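Here's the structure, in structure tokens; my notes come after.
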Amino acid sequence: MTKRWAVAAALCLVATACGSGDGGADGAATAEVDRSAALRVAINYAPTSVDPHTVSSPTAGHAYVSLLYDRLTQMGPDLELRPMLATEWTFGDGGRSVTFSLRDDVTFSDGARVDAAAVTASLDRAMTVAGSTAKGNLAMISAVEVVDPVTVRITTNRPAADLPYVLSGVEGSVISPAALDKPDLDVTAVGSGPYTLGRLAVDDSVVLERREGYWDPQAQQAARIELTGVPNDSARMNGLRSGQFDMMMTTAGQFDQVSELGDPYVTHSYPPATTYAVYLNTARPNIDKVKVRQALNYAIDREGISRALLDGRCTPSAQPLPSVYPGHLDPPPVEYAHDPERARQLLAEAGVPDGFGMTILVPAGISLYEQLAAAVQAQLAEVGIAAELTAQTGTQIFGSWGDGGFDGLVNARTTRPTAAMTLQASYLTPSRFPGPTPPGFAEAVSSAYDPTLDEAAYEAAVTKASTIGAESALDVFLCSVPAMWTSTDRVRGGDMMGLSYFSAFGDLRYVGIAGEG
């Protein structure tokens, strides 16, 4: 497997077919799984909406929305792109079109057949529905057409080697045509996924029930999945230990605690990919100056934050891309070591020798983010920057950030299956980066989407973009952590979730629980 587009897309050029098989995940120990059991999972993000095209955070929402809806493709372990509704795909027109061949044996939960017309209608909705959080990631699509009942051709406005990867996310979810105009898709679901919606308690939990007759039985190991949002780390831990949950999302700051749990608990760490940062709005006064943004970075003691809050498990970062991707800079062009004196010098050179005030959004109720924000606030104060923290819930925060009225946002940067997609999602998506990027950055990312590029040319393109981002200090870079999940030793498949190879969240397809004894 390559780290560029993985095997599938790296070899997918004009008239070359991509994808095969049923897409079942490796490593799911199905022989031991009790298919009548419920799997109870706690994550740090409370379910909000089950509408795949308007869910406030497509990445966080993937944990439950992806179980209700199929997509054309899916991500497997080790950043490998795999088929789902599509059995194969080919690039044409110099990389500006992709033709997908579909399975012919899939139905929606309302009994309707999944076909090319359904795929086309769903993608049209994703790009046009009011409040869409999917359209930004689908902006390369210029047209979707039905070739025949089992063939869809998507035309793009640029070379789009990333399109099959984009469609593996909830943005590419296919909704039954009869439900597309339903006004309550935020609380009901009509998909072709392995589960149906049993109950949704907004900002609390979701219960999913296995759907009979699903085309990939391995994707529905548990009879029922109960997923609960528990933002507080200690509360998730207590729920696991008390038997309320079988599996929980684990933050780096909990590593020492989970390591001491002993039997029957196990913790699995994925490759470090999630990067904590203070997002910056480069359109705001003072933040629009490169030297100010560099000063913010020099003010931060990354090693101290990792030790104090993340059990030393968060690798200090001074650049846009974590080490799992090509384009990771070793060494980075600017190290951003903790140097308050250098920070003060840069502030003076930028015309603000006495510092300034800035406003920073913080996710409410998520203990790690609250702690990170407090640490950043204290360290910025040492160089004369007064940071005012504003806590907002998951249903509010990204809307407020995208509106452009705040200077910063403490959060994890959105990581994607490839380096180019990660740079695009982090810095070229207005809802995540509302300000302008430096000259040459967008062009470098765009050039990396040409499916005809060889490995060296691709790496040169993403390295150029990453270098610009580091030198221009597009974020206050903090540190990178692995996705970690702690469970009882009865859970099967929790160490092979494709999403967790590049995200803190997990894909619970292929995860189940063994019987007792």
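A note on labels: chains of the structure tokens are A, B, ... as shown, every chain counts residues from 1, and ligands are counted from 1 in their shown order.
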What's around Pro271 of chain A at 10 Å? Count only C-alpha atoms, leave out sequence neighbours fewer than 6 positions away in its own chain, and write the answer as a PyMOL selection string. chain A and resi 78+322-324+480-484+500-503
May I have the selected residues written with N, CA and C atoms, as a short mmCIF file (atom, residue, chain, number, x, y, z; two decimals), in the first residue's frame?
data_model
loop_
_atom_site.label_atom_id
_atom_site.label_comp_id
_atom_site.auth_asym_id
_atom_site.auth_seq_id
_atom_site.Cartn_x
_atom_site.Cartn_y
_atom_site.Cartn_z
N ASP A 78 -5.25 0.61 7.63
CA ASP A 78 -4.03 1.08 6.96
C ASP A 78 -4.31 2.01 5.80
N PRO A 322 0.49 15.36 10.25
CA PRO A 322 1.13 14.38 11.15
C PRO A 322 1.98 13.40 10.37
N SER A 323 2.73 12.60 11.08
CA SER A 323 3.78 11.78 10.46
C SER A 323 3.25 10.63 9.62
N VAL A 324 1.96 10.32 9.68
CA VAL A 324 1.43 9.21 8.88
C VAL A 324 1.36 9.55 7.39
N SER A 480 0.29 15.80 18.14
CA SER A 480 -0.44 14.74 17.44
C SER A 480 -0.58 13.51 18.33
N VAL A 481 -1.77 12.91 18.31
CA VAL A 481 -2.05 11.74 19.14
C VAL A 481 -2.66 10.63 18.29
N PRO A 482 -2.52 9.40 18.74
CA PRO A 482 -3.21 8.30 18.07
C PRO A 482 -4.66 8.22 18.52
N ALA A 483 -5.52 7.68 17.68
CA ALA A 483 -6.84 7.28 18.16
C ALA A 483 -6.64 6.11 19.11
N MET A 484 -7.33 6.14 20.23
CA MET A 484 -7.22 5.05 21.21
C MET A 484 -8.61 4.63 21.66
N SER A 500 -10.37 4.99 12.25
CA SER A 500 -9.45 5.32 13.34
C SER A 500 -7.99 5.40 12.90
N TYR A 501 -7.69 5.01 11.68
CA TYR A 501 -6.33 5.15 11.17
C TYR A 501 -6.01 6.61 10.81
N PHE A 502 -7.04 7.45 10.70
CA PHE A 502 -6.77 8.86 10.40
C PHE A 502 -7.68 9.80 11.18
N SER A 503 -8.42 9.28 12.15
CA SER A 503 -9.38 10.10 12.90
C SER A 503 -9.49 9.56 14.31
#
Counting only C-alpha atoms, the residue among A:Ala235, A:Ala420, A:Val352, A:Val202 that lies closest to Ile366 of chain A is A:Ala235
What are the DSSP helix (DSSP H, G or I) residues of segment 37-121 of chain A, as an mmCIF file with C-alpha atoms, in the first residue's frame?
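Output file part_18.cif is given in full below:
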data_model
loop_
_atom_site.group_PDB
_atom_site.id
_atom_site.type_symbol
_atom_site.label_atom_id
_atom_site.label_comp_id
_atom_site.auth_asym_id
_atom_site.auth_seq_id
_atom_site.Cartn_x
_atom_site.Cartn_y
_atom_site.Cartn_z
ATOM 1 C CA PRO A 58 -19.374 14.749 9.447
ATOM 2 C CA THR A 59 -16.273 13.193 11.035
ATOM 3 C CA ALA A 60 -17.759 12.780 14.511
ATOM 4 C CA GLY A 61 -21.144 11.844 13.057
ATOM 5 C CA HIS A 62 -19.547 9.028 11.070
ATOM 6 C CA ALA A 63 -19.595 6.832 14.186
ATOM 7 C CA TYR A 64 -23.375 6.435 13.998
ATOM 8 C CA VAL A 65 -24.578 7.861 10.646
ATOM 9 C CA PRO A 77 -7.345 -0.604 7.873
ATOM 10 C CA ASP A 78 -4.029 1.078 6.962
ATOM 11 C CA LEU A 79 -5.705 3.838 4.897
ATOM 12 C CA ASP A 93 -11.127 12.719 -19.077
ATOM 13 C CA GLY A 94 -7.681 13.397 -17.636
ATOM 14 C CA GLY A 95 -8.866 12.613 -14.133
ATOM 15 C CA ALA A 116 -27.736 4.763 -10.133
ATOM 16 C CA ALA A 117 -30.726 7.101 -9.957
ATOM 17 C CA ALA A 118 -30.749 6.872 -6.154
ATOM 18 C CA VAL A 119 -27.024 7.618 -5.969
ATOM 19 C CA THR A 120 -27.421 10.604 -8.292
ATOM 20 C CA ALA A 121 -30.355 12.026 -6.351
#
Find the spatial neighbours of segment 183-186 of chain A, counting only C-alpha atoms, within a cut-off of 12 Å - ignore same-chain residues fewer than 3 positions away - and output them as a ChimeraX atom specification. /A:47-56,61,65,68,129-132,175-176,178-180,189-191,197,200-202
Counting only C-alpha atoms, what is within 9 Å of Gln424 of chain A, bar same-chain residues fewer than 5 positions away, as a PDB file with C-alpha atoms, in the first residue's frame?
ATOM      1  CA  ASN A 137     -16.168  18.409   0.499  1.00  0.00           C
ATOM      2  CA  ALA A 419      -2.363  14.190   2.849  1.00  0.00           C
ATOM      3  CA  THR A 429     -12.844  24.506   3.709  1.00  0.00           C
ATOM      4  CA  ALA A 442      -4.168  26.295  -2.601  1.00  0.00           C
ATOM      5  CA  VAL A 445      -2.876  21.259  -2.822  1.00  0.00           C
ATOM      6  CA  SER A 446      -4.844  21.394  -6.060  1.00  0.00           C
TER       7      SER A 446
END
Exercise. Could you give me, as number ranges by chain, the residues within 12 Å of Ser447 of chain A, counting only C-alpha atoms and dropping anything in the same chain fewer than 4 positions from it?
Key: A: 95, 158-162, 420-421, 424, 440-443, 451-454, 457-465
Can you write out the residues you just picked, keeping C-alpha atoms, as a compact mmCIF listing (two decimals), in the first residue's frame?
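Contents of selection.txt, as written:
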# COMPACT_ATOMS: atom_id res chain seq x y z
CA GLY A 95 -8.87 12.61 -14.13
CA ARG A 158 -10.66 19.58 -11.48
CA PRO A 159 -8.62 16.40 -11.51
CA ALA A 160 -10.15 14.44 -8.67
CA ALA A 161 -8.07 11.47 -7.58
CA ASP A 162 -9.55 12.10 -4.14
CA ALA A 420 -3.93 16.37 0.15
CA MET A 421 -7.42 15.77 1.50
CA GLN A 424 -7.95 20.66 1.89
CA GLY A 440 0.76 29.20 -3.46
CA PHE A 441 -0.90 27.06 -0.80
CA ALA A 442 -4.17 26.29 -2.60
CA GLU A 443 -2.35 25.78 -5.89
CA PRO A 451 -4.40 11.00 -10.57
CA THR A 452 -1.63 10.75 -13.18
CA LEU A 453 1.06 12.08 -10.80
CA ASP A 454 3.76 9.65 -9.83
CA ALA A 457 5.50 14.46 -7.87
CA TYR A 458 2.63 13.93 -5.46
CA GLU A 459 4.90 14.11 -2.44
CA ALA A 460 6.55 17.28 -3.80
CA ALA A 461 3.14 18.95 -4.12
CA VAL A 462 1.94 18.17 -0.60
CA THR A 463 5.38 18.97 0.84
CA LYS A 464 5.22 22.42 -0.75
CA ALA A 465 1.78 23.08 0.70
If we count only C-alpha atoms and set the cut-off at 6 Å, which residues sit around segment 405-414 of chain A, ignoring sequence neighbours fewer than 3 positions away in its own chain? Please answer as a PyMOL selection string.
chain A and resi 275-281+358-362+426
Write out as a JSON list (two decimals) with C-alpha atoms, in the first residue's frame which residues come within 10 Å of Gln254 of chain A when counting only C-alpha atoms, dropping same-chain ones fewer than 3 positions away.
[["chain", "number", "residue", "atom", "x", "y", "z"],
["A", 233, "ASP", "CA", -13.33, 11.63, 30.26],
["A", 234, "SER", "CA", -13.87, 10.48, 33.84],
["A", 237, "MET", "CA", -14.09, 5.69, 32.27],
["A", 250, "THR", "CA", -9.96, 7.06, 25.03],
["A", 251, "THR", "CA", -8.08, 10.34, 25.01],
["A", 257, "GLN", "CA", -5.44, 5.49, 33.86],
["A", 258, "VAL", "CA", -6.48, 2.90, 31.28],
["A", 259, "SER", "CA", -3.05, 1.27, 31.51],
["A", 309, "LEU", "CA", -2.59, 16.86, 30.12],
["A", 310, "LEU", "CA", -1.90, 13.96, 27.79],
["A", 311, "ASP", "CA", 0.34, 11.62, 29.77],
["A", 313, "ARG", "CA", 1.37, 10.62, 24.58],
["A", 368, "LEU", "CA", -9.58, 17.66, 27.33],
["A", 484, "MET", "CA", -7.22, 5.05, 21.21]]
- May I have all residues of segment 139-264 of chain A that DSSP, computed from the backbone, assigns to strand (DSSP E), given as number ranges by chain? A: 141-148, 151-156, 195-201, 205-210, 224-229, 247-250
Using C-alpha atoms, can you export the residues from the last selection as a PDB file, in the first residue's frame?
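Result file follows (part-v5.pdb):
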ATOM      1  CA  ILE A 141     -18.362  17.734  -8.483  1.00  0.00           C
ATOM      2  CA  SER A 142     -19.849  19.494 -11.503  1.00  0.00           C
ATOM      3  CA  ALA A 143     -22.332  16.838 -12.628  1.00  0.00           C
ATOM      4  CA  VAL A 144     -23.655  13.402 -11.686  1.00  0.00           C
ATOM      5  CA  GLU A 145     -25.316  11.316 -14.388  1.00  0.00           C
ATOM      6  CA  VAL A 146     -26.995   7.940 -14.695  1.00  0.00           C
ATOM      7  CA  VAL A 147     -25.274   5.840 -17.363  1.00  0.00           C
ATOM      8  CA  ASP A 148     -27.505   2.822 -16.729  1.00  0.00           C
ATOM      9  CA  THR A 151     -23.492   2.759 -13.492  1.00  0.00           C
ATOM     10  CA  VAL A 152     -22.940   6.344 -12.320  1.00  0.00           C
ATOM     11  CA  ARG A 153     -20.563   8.853 -13.894  1.00  0.00           C
ATOM     12  CA  ILE A 154     -19.409  11.840 -11.853  1.00  0.00           C
ATOM     13  CA  THR A 155     -17.795  14.742 -13.704  1.00  0.00           C
ATOM     14  CA  THR A 156     -15.530  17.088 -11.765  1.00  0.00           C
ATOM     15  CA  TYR A 195     -28.656  -0.919  10.914  1.00  0.00           C
ATOM     16  CA  THR A 196     -31.884   1.044  11.277  1.00  0.00           C
ATOM     17  CA  LEU A 197     -32.575   3.820  13.752  1.00  0.00           C
ATOM     18  CA  GLY A 198     -34.181   2.496  16.924  1.00  0.00           C
ATOM     19  CA  ARG A 199     -34.008   5.637  19.036  1.00  0.00           C
ATOM     20  CA  LEU A 200     -32.290   9.021  18.906  1.00  0.00           C
ATOM     21  CA  ALA A 201     -31.984  11.231  21.970  1.00  0.00           C
ATOM     22  CA  SER A 205     -27.429   8.832  22.605  1.00  0.00           C
ATOM     23  CA  VAL A 206     -28.546   6.721  19.662  1.00  0.00           C
ATOM     24  CA  VAL A 207     -29.719   3.104  19.469  1.00  0.00           C
ATOM     25  CA  LEU A 208     -29.283   1.176  16.204  1.00  0.00           C
ATOM     26  CA  GLU A 209     -30.993  -2.112  15.373  1.00  0.00           C
ATOM     27  CA  ARG A 210     -29.652  -4.740  12.962  1.00  0.00           C
ATOM     28  CA  ARG A 224     -27.964  -3.726  18.514  1.00  0.00           C
ATOM     29  CA  ILE A 225     -25.492  -0.861  18.926  1.00  0.00           C
ATOM     30  CA  GLU A 226     -26.036   1.656  21.698  1.00  0.00           C
ATOM     31  CA  LEU A 227     -23.810   4.708  21.240  1.00  0.00           C
ATOM     32  CA  THR A 228     -23.729   7.379  23.942  1.00  0.00           C
ATOM     33  CA  GLY A 229     -22.066  10.765  23.910  1.00  0.00           C
ATOM     34  CA  MET A 247     -16.046   0.106  24.659  1.00  0.00           C
ATOM     35  CA  MET A 248     -15.055   3.748  24.913  1.00  0.00           C
ATOM     36  CA  MET A 249     -13.132   6.380  23.027  1.00  0.00           C
ATOM     37  CA  THR A 250      -9.961   7.058  25.025  1.00  0.00           C
TER      38      THR A 250
END
Using only C-alpha atoms, the best pick from A:Glu32, A:Asp495, A:Glu455, A:Asp246 as closest to Tyr270 of chain A would be A:Asp495
